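Student: This is upload.csv, which holds CSV, C-alpha atoms and all ligand atoms:
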chain,number,residue,atom,x,y,z
A,1,MET,CA,-129.1,-243.7,-9.7
A,2,ILE,CA,-128.7,-247.4,-8.7
A,3,VAL,CA,-129.8,-248.1,-5.1
A,4,VAL,CA,-128.3,-251.2,-3.6
A,5,ALA,CA,-130.6,-252.4,-0.8
A,6,GLY,CA,-128.8,-254.8,1.5
A,7,LEU,CA,-125.1,-254.9,2.1
A,8,GLY,CA,-124.4,-258.6,2.8
A,9,LEU,CA,-121.8,-260.1,0.4
A,10,SER,CA,-123.8,-259.7,-2.8
A,11,GLY,CA,-124.7,-256.1,-2.1
A,12,SER,CA,-121.3,-255.1,-0.7
A,13,TYR,CA,-119.5,-256.6,-3.7
A,14,LEU,CA,-122.0,-255.1,-6.1
A,15,LEU,CA,-121.6,-251.6,-4.6
A,16,LYS,CA,-117.9,-251.8,-4.9
A,17,ARG,CA,-118.0,-253.1,-8.5
A,18,LEU,CA,-120.5,-250.5,-9.6
A,19,ASP,CA,-118.3,-247.7,-8.2
A,20,ASP,CA,-115.3,-249.1,-10.0
A,21,GLU,CA,-117.2,-249.2,-13.2
A,22,GLY,CA,-118.3,-245.6,-12.9
A,23,PHE,CA,-122.0,-246.0,-12.0
A,24,GLU,CA,-123.7,-243.6,-9.7
A,25,ALA,CA,-124.7,-246.0,-6.8
A,26,ARG,CA,-125.6,-245.8,-3.1
A,27,GLY,CA,-126.0,-248.6,-0.6
A,28,PHE,CA,-128.4,-249.1,2.3
A,29,ASP,CA,-128.5,-251.6,5.1
A,30,PRO,CA,-130.1,-251.1,8.6
A,31,ARG,CA,-127.9,-253.9,10.1
A,32,ILE,CA,-125.6,-252.6,12.8
A,33,GLN,CA,-121.9,-252.7,12.0
A,34,ASP,CA,-120.2,-256.0,13.1
A,35,PHE,CA,-123.5,-257.7,13.7
A,36,TYR,CA,-122.6,-261.4,13.6
A,37,VAL,CA,-124.6,-262.8,10.7
A,38,PRO,CA,-125.5,-266.5,10.9
A,39,CYS,CA,-123.5,-268.3,8.2
A,40,GLY,CA,-121.0,-271.2,8.3
A,41,TYR,CA,-118.5,-269.0,6.5
A,42,ALA,CA,-117.3,-272.0,4.4
A,43,THR,CA,-116.3,-271.3,0.8
A,44,ASN,CA,-114.0,-272.4,-1.9
A,45,ILE,CA,-110.8,-270.4,-1.7
A,46,ARG,CA,-109.9,-271.2,-5.3
A,47,LYS,CA,-113.1,-269.6,-6.6
A,48,LEU,CA,-112.9,-266.7,-4.1
A,49,ARG,CA,-109.4,-265.8,-5.3
A,50,ASP,CA,-110.7,-265.4,-8.9
A,51,ILE,CA,-113.7,-263.3,-7.8
A,52,LEU,CA,-111.9,-261.0,-5.4
A,53,ARG,CA,-109.2,-260.2,-7.9
A,54,SER,CA,-111.7,-258.0,-9.7
A,55,VAL,CA,-112.0,-255.8,-6.6
A,56,ASN,CA,-108.3,-255.9,-5.9
A,57,LEU,CA,-108.7,-257.9,-2.7
A,58,ASN,CA,-106.6,-260.9,-1.8
A,59,ALA,CA,-108.9,-263.8,-0.8
A,60,ASP,CA,-106.1,-265.4,1.3
A,61,ASP,CA,-106.2,-262.4,3.7
A,62,TYR,CA,-109.6,-263.5,4.8
A,63,VAL,CA,-109.0,-267.3,5.4
A,64,GLU,CA,-109.7,-268.5,8.9
A,65,HIS,CA,-109.1,-272.3,8.3
A,66,GLU,CA,-108.1,-274.1,5.2
A,67,GLY,CA,-109.6,-277.6,5.1
A,68,LYS,CA,-107.6,-280.7,4.4
A,69,GLU,CA,-110.2,-283.4,4.9
A,70,VAL,CA,-114.0,-283.4,4.8
A,71,THR,CA,-116.0,-286.1,6.5
A,72,ILE,CA,-119.6,-286.7,5.4
A,73,SER,CA,-122.1,-289.1,6.9
A,74,GLY,CA,-125.8,-289.8,6.5
A,75,PRO,CA,-128.6,-292.0,7.9
A,76,ASP,CA,-127.7,-294.8,5.4
A,77,MET,CA,-124.1,-294.0,5.1
A,78,PRO,CA,-121.2,-294.4,7.5
A,79,GLU,CA,-118.8,-291.5,7.9
A,80,LEU,CA,-116.6,-291.2,4.7
A,81,THR,CA,-113.6,-289.0,4.4
A,82,PHE,CA,-112.9,-286.9,1.2
A,83,SER,CA,-110.0,-284.6,0.3
A,84,SER,CA,-110.5,-280.9,0.2
A,85,ALA,CA,-110.8,-279.3,-3.2
A,86,GLY,CA,-110.3,-275.8,-1.7
A,87,ILE,CA,-112.8,-275.7,1.1
A,88,CYS,CA,-112.0,-273.1,3.8
A,89,THR,CA,-113.7,-270.7,6.2
A,90,ILE,CA,-113.3,-267.0,5.8
A,91,ASP,CA,-113.9,-263.9,7.9
A,92,LYS,CA,-117.0,-262.9,6.0
A,93,ASN,CA,-117.8,-259.9,8.2
A,94,ARG,CA,-114.4,-258.4,7.6
A,95,LEU,CA,-114.7,-259.0,3.8
A,96,GLU,CA,-118.0,-257.2,3.7
A,97,LYS,CA,-116.6,-254.3,5.7
A,98,ASP,CA,-113.6,-254.0,3.3
A,99,LEU,CA,-115.8,-254.1,0.2
A,100,ILE,CA,-117.9,-251.1,1.3
A,101,SER,CA,-115.1,-249.2,2.9
A,102,GLY,CA,-115.0,-245.8,1.1
A,103,GLN,CA,-118.3,-246.4,-0.7
A,104,GLY,CA,-121.4,-244.2,-0.3
A,105,TYR,CA,-123.8,-246.1,2.0
A,106,GLU,CA,-126.2,-245.5,5.0
A,107,ARG,CA,-127.1,-247.8,7.9
A,108,THR,CA,-130.8,-247.5,7.2
A,109,ARG,CA,-133.5,-249.1,5.0
A,110,ALA,CA,-133.2,-248.1,1.3
A,111,LYS,CA,-134.3,-244.7,0.2
A,112,PHE,CA,-135.2,-244.3,-3.5
A,113,GLY,CA,-137.2,-242.3,-6.0
A,114,PRO,CA,-139.3,-243.3,-9.1
A,115,GLY,CA,-136.3,-242.9,-11.5
A,116,ASP,CA,-134.0,-245.1,-9.5
A,117,THR,CA,-133.1,-248.7,-10.3
A,118,VAL,CA,-133.3,-250.7,-7.0
A,119,ILE,CA,-131.3,-253.8,-6.5
A,120,ASP,CA,-132.8,-256.1,-3.8
A,121,ALA,CA,-129.9,-257.8,-2.1
A,122,THR,CA,-131.8,-258.2,1.1
A,123,GLY,CA,-131.3,-262.0,1.1
A,124,VAL,CA,-133.9,-264.2,2.6
A,125,SER,CA,-136.3,-261.3,3.3
A,126,ARG,CA,-136.8,-260.1,-0.3
A,127,TYR,CA,-137.9,-256.9,1.4
A,128,TYR,CA,-138.3,-254.9,-1.8
A,129,LEU,CA,-139.1,-257.7,-4.3
A,130,GLY,CA,-141.8,-259.0,-2.1
A,131,LYS,CA,-142.8,-262.4,-0.9
A,132,ALA,CA,-142.2,-265.2,-3.4
A,133,GLU,CA,-144.8,-267.7,-4.5
A,134,ASN,CA,-144.0,-271.4,-3.5
A,135,ASP,CA,-140.9,-270.3,-1.7
A,136,PHE,CA,-138.8,-273.0,0.2
A,137,LEU,CA,-137.1,-271.8,3.3
A,138,MET,CA,-135.4,-274.0,5.9
A,139,TYR,CA,-134.9,-273.1,9.6
A,140,THR,CA,-131.3,-273.0,10.8
A,141,LYS,CA,-129.5,-272.6,14.1
A,142,GLU,CA,-125.8,-272.1,14.5
A,143,TYR,CA,-123.5,-271.9,17.5
A,144,VAL,CA,-120.0,-270.4,17.8
A,145,THR,CA,-118.3,-272.9,20.0
A,146,ALA,CA,-114.8,-273.6,21.4
A,147,LYS,CA,-115.0,-277.4,20.5
A,148,ALA,CA,-116.6,-279.7,18.0
A,149,GLY,CA,-116.7,-283.4,17.4
A,150,HIS,CA,-114.2,-283.2,14.4
A,151,SER,CA,-111.1,-281.1,13.9
A,152,ASP,CA,-111.8,-280.4,10.2
A,153,PHE,CA,-115.0,-279.9,8.1
A,154,HIS,CA,-117.8,-282.2,8.8
A,155,PHE,CA,-121.4,-282.7,7.4
A,156,ARG,CA,-124.0,-285.1,8.6
A,157,TYR,CA,-127.1,-285.4,6.4
A,158,PHE,CA,-130.5,-286.1,7.9
A,159,SER,CA,-132.8,-288.7,6.3
A,160,ARG,CA,-134.8,-287.9,3.1
A,161,GLY,CA,-133.5,-284.4,2.4
A,162,THR,CA,-134.8,-283.0,5.7
A,163,GLY,CA,-131.6,-281.1,6.4
A,164,TYR,CA,-128.0,-281.4,7.7
A,165,TYR,CA,-125.7,-280.8,10.6
A,166,TRP,CA,-122.3,-279.1,10.1
A,167,GLU,CA,-119.0,-278.4,11.9
A,168,PHE,CA,-116.8,-275.8,10.2
A,169,PRO,CA,-113.5,-274.9,11.9
A,170,LEU,CA,-112.6,-271.2,12.3
A,171,LYS,CA,-109.3,-269.6,13.3
A,172,LYS,CA,-110.4,-269.9,16.9
A,173,GLY,CA,-113.3,-272.3,17.6
A,174,PHE,CA,-116.0,-273.6,15.3
A,175,HIS,CA,-119.3,-272.9,13.6
A,176,VAL,CA,-121.5,-275.8,14.6
A,177,GLY,CA,-125.0,-275.7,13.2
A,178,ALA,CA,-127.9,-277.5,11.6
A,179,GLY,CA,-130.7,-276.7,9.2
A,180,ALA,CA,-133.8,-278.9,9.2
A,181,ASP,CA,-137.6,-279.1,8.8
A,182,GLY,CA,-138.1,-279.2,12.5
A,183,VAL,CA,-136.4,-277.6,15.5
A,184,GLU,CA,-136.2,-281.0,17.2
A,185,ALA,CA,-133.6,-282.4,14.8
A,186,ILE,CA,-131.6,-279.2,15.2
A,187,ASN,CA,-131.7,-279.1,18.9
A,188,GLN,CA,-130.8,-282.8,19.2
A,189,SER,CA,-127.8,-282.2,16.9
A,190,LEU,CA,-126.6,-279.3,19.0
A,191,ALA,CA,-127.2,-280.8,22.4
A,192,GLY,CA,-124.1,-281.0,24.5
A,193,PHE,CA,-122.4,-278.0,22.9
A,194,VAL,CA,-121.7,-274.9,25.0
A,195,PRO,CA,-122.4,-272.0,22.7
A,196,GLU,CA,-120.4,-268.7,22.9
A,197,ARG,CA,-123.0,-267.3,20.5
A,198,VAL,CA,-126.4,-268.6,19.3
A,199,LEU,CA,-127.4,-267.5,15.8
A,200,SER,CA,-130.5,-268.3,13.9
A,201,ARG,CA,-132.2,-267.5,10.6
A,202,LYS,CA,-134.0,-269.2,7.7
A,203,ILE,CA,-132.1,-270.1,4.5
A,204,ARG,CA,-133.7,-270.1,1.0
A,205,LEU,CA,-133.1,-273.4,-0.8
A,206,LYS,CA,-135.2,-272.8,-3.8
A,207,PRO,CA,-134.0,-271.0,-7.0
A,208,LEU,CA,-136.5,-268.2,-7.7
A,209,PHE,CA,-135.4,-267.4,-11.2
A,210,ASP,CA,-138.9,-266.8,-12.3
A,211,GLN,CA,-139.4,-264.1,-9.6
A,212,MET,CA,-136.3,-261.9,-9.9
A,213,PHE,CA,-138.0,-258.6,-10.8
A,214,ASN,CA,-140.7,-256.3,-9.6
A,215,ARG,CA,-141.1,-253.2,-11.7
A,216,ASN,CA,-137.7,-251.3,-11.4
A,217,ILE,CA,-136.5,-253.7,-8.6
A,218,ILE,CA,-134.0,-256.3,-9.6
A,219,GLY,CA,-132.9,-259.1,-7.2
A,220,THR,CA,-129.5,-260.6,-6.7
A,221,GLY,CA,-128.0,-263.1,-4.3
A,222,GLU,CA,-130.1,-265.1,-1.9
A,223,SER,CA,-133.2,-262.9,-2.6
A,224,ILE,CA,-133.5,-264.8,-5.9
A,225,GLY,CA,-132.3,-268.1,-4.6
A,226,THR,CA,-128.7,-268.4,-5.6
A,227,VAL,CA,-128.1,-270.9,-2.9
A,228,SER,CA,-127.2,-274.6,-3.5
A,229,PRO,CA,-130.3,-276.6,-2.5
A,230,ILE,CA,-128.1,-279.5,-1.3
A,231,THR,CA,-125.2,-277.9,0.4
A,232,GLY,CA,-126.6,-274.5,1.4
A,233,GLU,CA,-123.6,-272.8,-0.3
A,234,GLY,CA,-124.5,-269.2,-1.0
A,235,ILE,CA,-121.3,-267.1,-0.6
A,236,ILE,CA,-119.7,-267.7,-4.1
A,237,PRO,CA,-123.1,-267.9,-5.8
A,238,SER,CA,-124.2,-264.6,-4.4
A,239,LEU,CA,-120.9,-263.0,-5.6
A,240,VAL,CA,-121.3,-264.6,-9.0
A,241,SER,CA,-124.9,-263.3,-9.4
A,242,ALA,CA,-123.8,-259.8,-8.4
A,243,GLU,CA,-121.0,-259.9,-11.0
A,244,ILE,CA,-123.4,-261.1,-13.7
A,245,LEU,CA,-125.6,-258.1,-12.8
A,246,VAL,CA,-122.8,-255.6,-13.1
A,247,ARG,CA,-122.0,-256.9,-16.6
A,248,CYS,CA,-125.6,-256.8,-17.7
A,249,LEU,CA,-126.0,-253.2,-16.3
A,250,LYS,CA,-123.0,-252.2,-18.5
A,251,GLU,CA,-124.6,-253.8,-21.6
A,252,ALA,CA,-128.3,-253.0,-21.2
A,253,ALA,CA,-129.8,-249.8,-22.6
A,254,ASP,CA,-132.7,-249.7,-20.1
A,255,VAL,CA,-134.3,-251.6,-17.2
A,256,GLU,CA,-136.5,-253.8,-19.5
A,257,GLU,CA,-133.5,-254.9,-21.5
A,258,LEU,CA,-131.6,-255.5,-18.3
A,259,LYS,CA,-134.3,-257.8,-17.0
A,260,VAL,CA,-134.2,-259.9,-20.2
A,261,LEU,CA,-130.4,-260.1,-20.3
A,262,TYR,CA,-129.8,-260.7,-16.6
A,263,GLY,CA,-132.7,-263.1,-16.3
A,264,LYS,CA,-131.3,-265.3,-19.1
A,265,ARG,CA,-127.8,-265.3,-17.8
A,266,ILE,CA,-128.8,-266.2,-14.2
A,267,ARG,CA,-131.0,-269.0,-15.5
A,268,ASP,CA,-128.1,-270.3,-17.7
A,269,ARG,CA,-125.4,-270.0,-15.0
A,270,PHE,CA,-127.5,-271.5,-12.2
A,271,ALA,CA,-129.4,-274.1,-14.3
A,272,ALA,CA,-127.9,-276.9,-12.1
A,273,TYR,CA,-129.7,-275.4,-9.0
A,274,THR,CA,-133.1,-276.1,-10.6
A,275,GLY,CA,-132.1,-279.7,-11.2
A,276,LEU,CA,-130.7,-279.9,-7.6
A,277,PHE,CA,-133.9,-278.5,-6.2
A,278,ASP,CA,-135.8,-281.2,-8.1
A,279,LEU,CA,-133.5,-283.8,-6.6
A,280,LEU,CA,-134.1,-282.4,-3.1
A,281,THR,CA,-137.9,-282.5,-3.6
A,282,ALA,CA,-137.7,-286.0,-4.9
A,283,SER,CA,-135.6,-287.1,-2.0
A,284,ARG,CA,-138.1,-285.5,0.4
A,285,ASN,CA,-141.0,-287.4,-1.4
A,286,GLY,CA,-139.1,-290.7,-1.4
A,287,LYS,CA,-138.9,-290.7,-5.2
A,288,LEU,CA,-135.2,-290.5,-5.8
A,289,LEU,CA,-134.7,-293.3,-8.2
A,290,THR,CA,-136.1,-291.9,-11.5
A,291,LEU,CA,-134.0,-291.4,-14.6
A,292,ARG,CA,-134.3,-287.6,-14.3
A,293,ASN,CA,-132.9,-287.7,-10.8
A,294,ILE,CA,-130.1,-290.0,-11.7
A,295,ARG,CA,-129.1,-287.4,-14.2
A,296,ASN,CA,-129.5,-284.7,-11.6
A,297,ALA,CA,-127.1,-286.6,-9.3
A,298,ARG,CA,-124.3,-285.6,-11.6
A,299,TYR,CA,-125.0,-282.0,-10.7
A,300,ALA,CA,-124.7,-283.0,-7.1
A,301,LYS,CA,-121.2,-284.3,-7.5
A,302,ALA,CA,-120.2,-281.1,-9.4
A,303,ASP,CA,-121.9,-279.0,-6.7
A,304,PHE,CA,-119.9,-280.6,-3.8
A,305,GLU,CA,-116.7,-280.1,-5.9
A,306,GLY,CA,-117.6,-276.5,-6.5
A,307,PHE,CA,-117.9,-276.0,-2.7
A,308,GLY,CA,-114.4,-277.4,-2.3
A,309,ILE,CA,-115.0,-281.1,-1.6
A,310,ASP,CA,-113.5,-283.8,-3.8
A,311,LEU,CA,-116.5,-286.1,-3.7
A,312,LYS,CA,-115.5,-289.5,-4.9
A,313,ILE,CA,-118.8,-291.2,-5.9
A,314,TRP,CA,-117.2,-294.6,-6.0
A,315,LYS,CA,-116.4,-294.3,-2.3
A,316,ILE,CA,-120.1,-293.8,-1.6
A,317,ILE,CA,-121.2,-296.6,-3.9
A,318,ARG,CA,-118.7,-299.0,-2.4
A,319,ARG,CA,-120.0,-298.3,1.1
A,320,LEU,CA,-123.6,-298.5,0.2
A,321,ILE,CA,-123.4,-301.6,-2.0
A,322,PRO,CA,-120.6,-303.7,-0.4
A,323,ILE,CA,-119.2,-306.0,-3.1
A,401,LIG,C1,-127.0,-270.8,9.1
A,401,LIG,C2,-126.5,-270.5,7.7
A,401,LIG,C3,-125.2,-271.0,7.4
A,401,LIG,C4,-124.7,-270.8,6.1
A,401,LIG,N1,-123.5,-271.3,5.8
A,401,LIG,C5,-123.0,-271.0,4.6
A,401,LIG,C6,-121.6,-271.4,4.3
A,401,LIG,O1,-120.9,-272.0,5.2
A,401,LIG,N2,-121.1,-271.2,3.1
A,401,LIG,C7,-121.9,-270.6,2.1
A,401,LIG,O2,-121.4,-270.4,1.0
A,401,LIG,N3,-123.1,-270.1,2.4
A,401,LIG,C8,-123.7,-270.3,3.6
A,401,LIG,N4,-124.9,-269.9,3.9
A,401,LIG,C9,-125.7,-269.1,2.9
A,401,LIG,C10,-125.1,-267.7,2.7
A,401,LIG,O3,-124.8,-267.2,4.0
A,401,LIG,C11,-126.0,-266.8,2.0
A,401,LIG,O4,-126.7,-267.4,0.9
A,401,LIG,C12,-125.3,-265.6,1.4
A,401,LIG,O5,-124.5,-265.0,2.4
A,401,LIG,C13,-126.3,-264.6,0.9
A,401,LIG,O6,-125.7,-263.3,0.7
A,401,LIG,P1,-126.7,-262.1,0.3
A,401,LIG,O7,-125.8,-260.9,0.2
A,401,LIG,O8,-127.5,-262.4,-0.9
A,401,LIG,O9,-127.7,-262.0,1.5
A,401,LIG,P2,-127.4,-261.6,3.1
A,401,LIG,O10,-126.0,-262.0,3.4
A,401,LIG,O11,-128.4,-262.3,3.8
A,401,LIG,O12,-127.5,-260.1,3.2
A,401,LIG,C14,-128.7,-259.4,3.1
A,401,LIG,C15,-128.6,-258.1,3.8
A,401,LIG,O13,-129.8,-257.3,3.5
A,401,LIG,C16,-130.0,-256.5,4.7
A,401,LIG,N5,-131.4,-256.1,4.7
A,401,LIG,C17,-132.5,-256.8,5.1
A,401,LIG,N6,-133.6,-256.0,4.9
A,401,LIG,C18,-133.2,-254.8,4.4
A,401,LIG,C19,-133.8,-253.6,4.0
A,401,LIG,N7,-135.2,-253.4,4.1
A,401,LIG,N8,-133.1,-252.6,3.5
A,401,LIG,C20,-131.8,-252.7,3.3
A,401,LIG,N9,-131.1,-253.8,3.7
A,401,LIG,C21,-131.8,-254.8,4.2
A,401,LIG,C22,-129.6,-257.4,5.8
A,401,LIG,O14,-129.3,-256.7,7.0
A,401,LIG,C23,-128.4,-258.1,5.3
A,401,LIG,O15,-127.2,-257.4,5.6
A,401,LIG,C24,-125.5,-270.1,5.1
A,401,LIG,C25,-126.7,-269.6,5.5
A,401,LIG,C26,-127.2,-269.8,6.8
A,401,LIG,C27,-128.6,-269.3,7.2
So, in terms of structure tokens, how does the structure I just supplied come out?
Tutor:
Amino acid sequence: MIVVAGLGLSGSYLLKRLDDEGFEARGFDPRIQDFYVPCGYATNIRKLRDILRSVNLNADDYVEHEGKEVTISGPDMPELTFSSAGICTIDKNRLEKDLISGQGYERTRAKFGPGDTVIDATGVSRYYLGKAENDFLMYTKEYVTAKAGHSDFHFRYFSRGTGYYWEFPLKKGFHVGAGADGVEAINQSLAGFVPERVLSRKIRLKPLFDQMFNRNIIGTGESIGTVSPITGEGIIPSLVSAEILVRCLKEAADVEELKVLYGKRIRDRFAAYTGLFDLLTASRNGKLLTLRNIRNARYAKADFEGFGIDLKIWKIIRRLIPI
């Protein structure tokens, strides 16, 4: 039996895919139905369409707001406007609900026996895998508000990789939030907004691809750090990691073979995140201008594009070095 612990997006998607593939699987999550999980709900509609096709769901049914323009600013950078390359917000709660509809699951912590393979999809808590060594978590706070400073997607980066502030439009209202080293920067960014809801949790910004397993427990999604270290994007990456896991479960003869196969594919698929985490660390240490990081900057452009933002580097260079 495969026990899926955690029914966020990675676990919900996994449970559905395992059922479709004929595996005996059961899901567990103590979270109360419709609990509003802190997340900006921003994703790339083009990528989501491809992924949800495999579970016969139409990504467009979940779209809240389709972005046209994205503004990005920073401490040394004035506000620049980029075109959307598919960025949108989705109703993530409804998607999770639809994925597990008709599946076998319980609203409680996972129950399992010695012969079971347990998938830890518990996100930031890594409840079953256990605490990670040298983890990197950032504190976040998000409001659901009626108004924001911008009508479309907006990011404002804080100095030296210490976090960012965001405004993401929904069908009605906005997600306005910030993630940073200290609560002061967060509270300053959110000052003046009247929240309809206040949400808060930590986000994992470090890939933990060397800490994905613990005996018969296998991690997927944010529990193993499939989150972009520079944009905090975790929706598509968590779905991708779950899909890789399904394919490996189909191929592997036993848990040990599964670990080798799945570990390699995750490291290959998310190799850029390791480079981006180096970039983040270098920025935080004020050592950005090394050859290795100039190479890693290419990953950053690709990462923004993957999130759905057509990041034109020349626009940034022209504003930073006026010629
Ligand atoms: C404030 C904020 C904003 C974000 N905005 C974006 C965004 O706009 N776009 C984007 O792509 N990503 C965003 N992310 C990241 C993204 O939300 C996550 O990386 C992604 O949703 C992770 O999915 P997951 O399924 O791995 O984990 P989660 O969605 O965290 O799900 C984990 C589940 O495990 C359950 N659980 C916990 N303990 C147990 C237990 N003992 N037994 C069983 N179940 C348990 C929890 O109840 C939860 O439902 C944001 C994150 C934060 C914090």
Student: Could you pull out the residues sitting within 7 Å of ligand LIG 401 (chain A), using all atoms listed in the file, and write them as a PyMOL selection string?
Tutor: chain A and resi 5-11+28-31+38-43+108-110+121-125+127-128+140-142+177+179+200-203+220-223+226-227+232-236+238
Student: Contacts of Met1 in chain A at 8 Å or less, counting all atoms listed in the file, minus same-chain residues fewer than 2 places along, as a list in words?
Tutor: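 In the requested format, the answer is Val3, Phe23, Glu24, Ala25, Arg26, Gly115, Asp116 and Thr117 of chain A.
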Student: Return the single residue from A:Gly219, A:Ala242, A:Phe155, A:Phe174 that is closest to Pro78 in chain A, with distances computed using only C-alpha atoms.
Tutor: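 Closest to Pro78 in chain A of all the choices is A:Phe155.
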Student: Kindly indicate which residue among A:Ile244, A:Ala272, A:Leu99, A:Ile32 lies nearest to Leu57 in chain A, using all atoms listed in the file for the distances.
Tutor: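 Between A:Ile244, A:Ala272, A:Leu99, A:Ile32, the residue approaching Leu57 in chain A most closely is A:Leu99.
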Student: Taking 4 positions as the minimum chain separation for residues in the same chain, which residues sit within 10 Å of Gly163 in chain A when counting only C-alpha atoms? Answer as a PyMOL selection string.
Tutor: chain A and resi 138-140+156-159+178-182+185-186+230-232+280+284
Student: Counting all atoms listed in the file, figure out which residue out of A:Lys259, A:Arg17, A:Arg46, A:Arg107 gets nearest to Gly86 in chain A.
Tutor: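 Of all the options, A:Arg46 lies closest to Gly86 in chain A.
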Student: Got a sec: who's within 6 Å of Gly67 in chain A, counting only C-alpha atoms, leaving out chain neighbours fewer than 4 positions off, as a PyMOL selection string?
Tutor: chain A and resi 84+87-88
Student: Point out the residue among A:Lys147, A:Leu276, A:Leu52, A:Ile90 with the least atom-to-atom distance to Leu288 in chain A, counting only C-alpha atoms.
Tutor: A:Leu276
Student: What's the 10 Å shell around Met212 in chain A, counting all atoms listed in the file, without same-chain residues fewer than 4 positions away, as a PDB file with C-alpha atoms, keeping the file's coordinate frame?
Tutor:
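Wrote selection05.pdb, looks like this:
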ATOM      1  CA  ASP A 120    -132.800-256.100  -3.800  1.00  0.00           C
ATOM      2  CA  ARG A 126    -136.800-260.100  -0.300  1.00  0.00           C
ATOM      3  CA  LEU A 129    -139.100-257.700  -4.300  1.00  0.00           C
ATOM      4  CA  GLY A 130    -141.800-259.000  -2.100  1.00  0.00           C
ATOM      5  CA  ALA A 132    -142.200-265.200  -3.400  1.00  0.00           C
ATOM      6  CA  PRO A 207    -134.000-271.000  -7.000  1.00  0.00           C
ATOM      7  CA  LEU A 208    -136.500-268.200  -7.700  1.00  0.00           C
ATOM      8  CA  ILE A 217    -136.500-253.700  -8.600  1.00  0.00           C
ATOM      9  CA  ILE A 218    -134.000-256.300  -9.600  1.00  0.00           C
ATOM     10  CA  GLY A 219    -132.900-259.100  -7.200  1.00  0.00           C
ATOM     11  CA  THR A 220    -129.500-260.600  -6.700  1.00  0.00           C
ATOM     12  CA  SER A 223    -133.200-262.900  -2.600  1.00  0.00           C
ATOM     13  CA  ILE A 224    -133.500-264.800  -5.900  1.00  0.00           C
ATOM     14  CA  GLY A 225    -132.300-268.100  -4.600  1.00  0.00           C
ATOM     15  CA  LYS A 259    -134.300-257.800 -17.000  1.00  0.00           C
ATOM     16  CA  TYR A 262    -129.800-260.700 -16.600  1.00  0.00           C
ATOM     17  CA  GLY A 263    -132.700-263.100 -16.300  1.00  0.00           C
ATOM     18  CA  ILE A 266    -128.800-266.200 -14.200  1.00  0.00           C
TER      19      ILE A 266
END
Student: Mind listing as a ChimeraX atom specification all residues within 10 Å of (-123.5, -269.7, 25.4), counting all atoms listed in the file?
Tutor: /A:143-145,193-198
Student: Take CA of Phe153 in chain A and CA of Val70 in chain A and report the distance between them in Å, one decimal.
Tutor: 4.9 Å
Student: Which residue gives the smallest distance to Ala191 in chain A among A:Val176, A:Leu245, A:Gly113, A:Asp268, with only C-alpha atoms counted?
Tutor: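 Closest to Ala191 in chain A, using only C-alpha atoms: A:Val176.
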Student: Using CA of Ser241 in chain A and CA of Ile309 in chain A as the two end points, give the distance in Å to one decimal.
Tutor: 21.8 Å
Student: So how many Å separate CA of Tyr299 in chain A and CA of Thr274 in chain A, to one decimal?
Tutor: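 If I compute the distance from CA of Tyr299 in chain A to CA of Thr274 in chain A, I get 10.0 Å.
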Student: Between A:Gly27, A:Thr290, A:Arg295, A:Gln33, which has the minimum distance to Lys111 in chain A (counting only C-alpha atoms)?
Tutor: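 The answer is A:Gly27, which sits nearest to Lys111 in chain A.
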Student: Residues near Asn285 in chain A, anyone? I mean within 10 Å using all atoms listed in the file, not counting same-chain ones fewer than 5 positions away, as a VMD selection string.
Tutor: chain A and resid 160 to 161 279 to 280
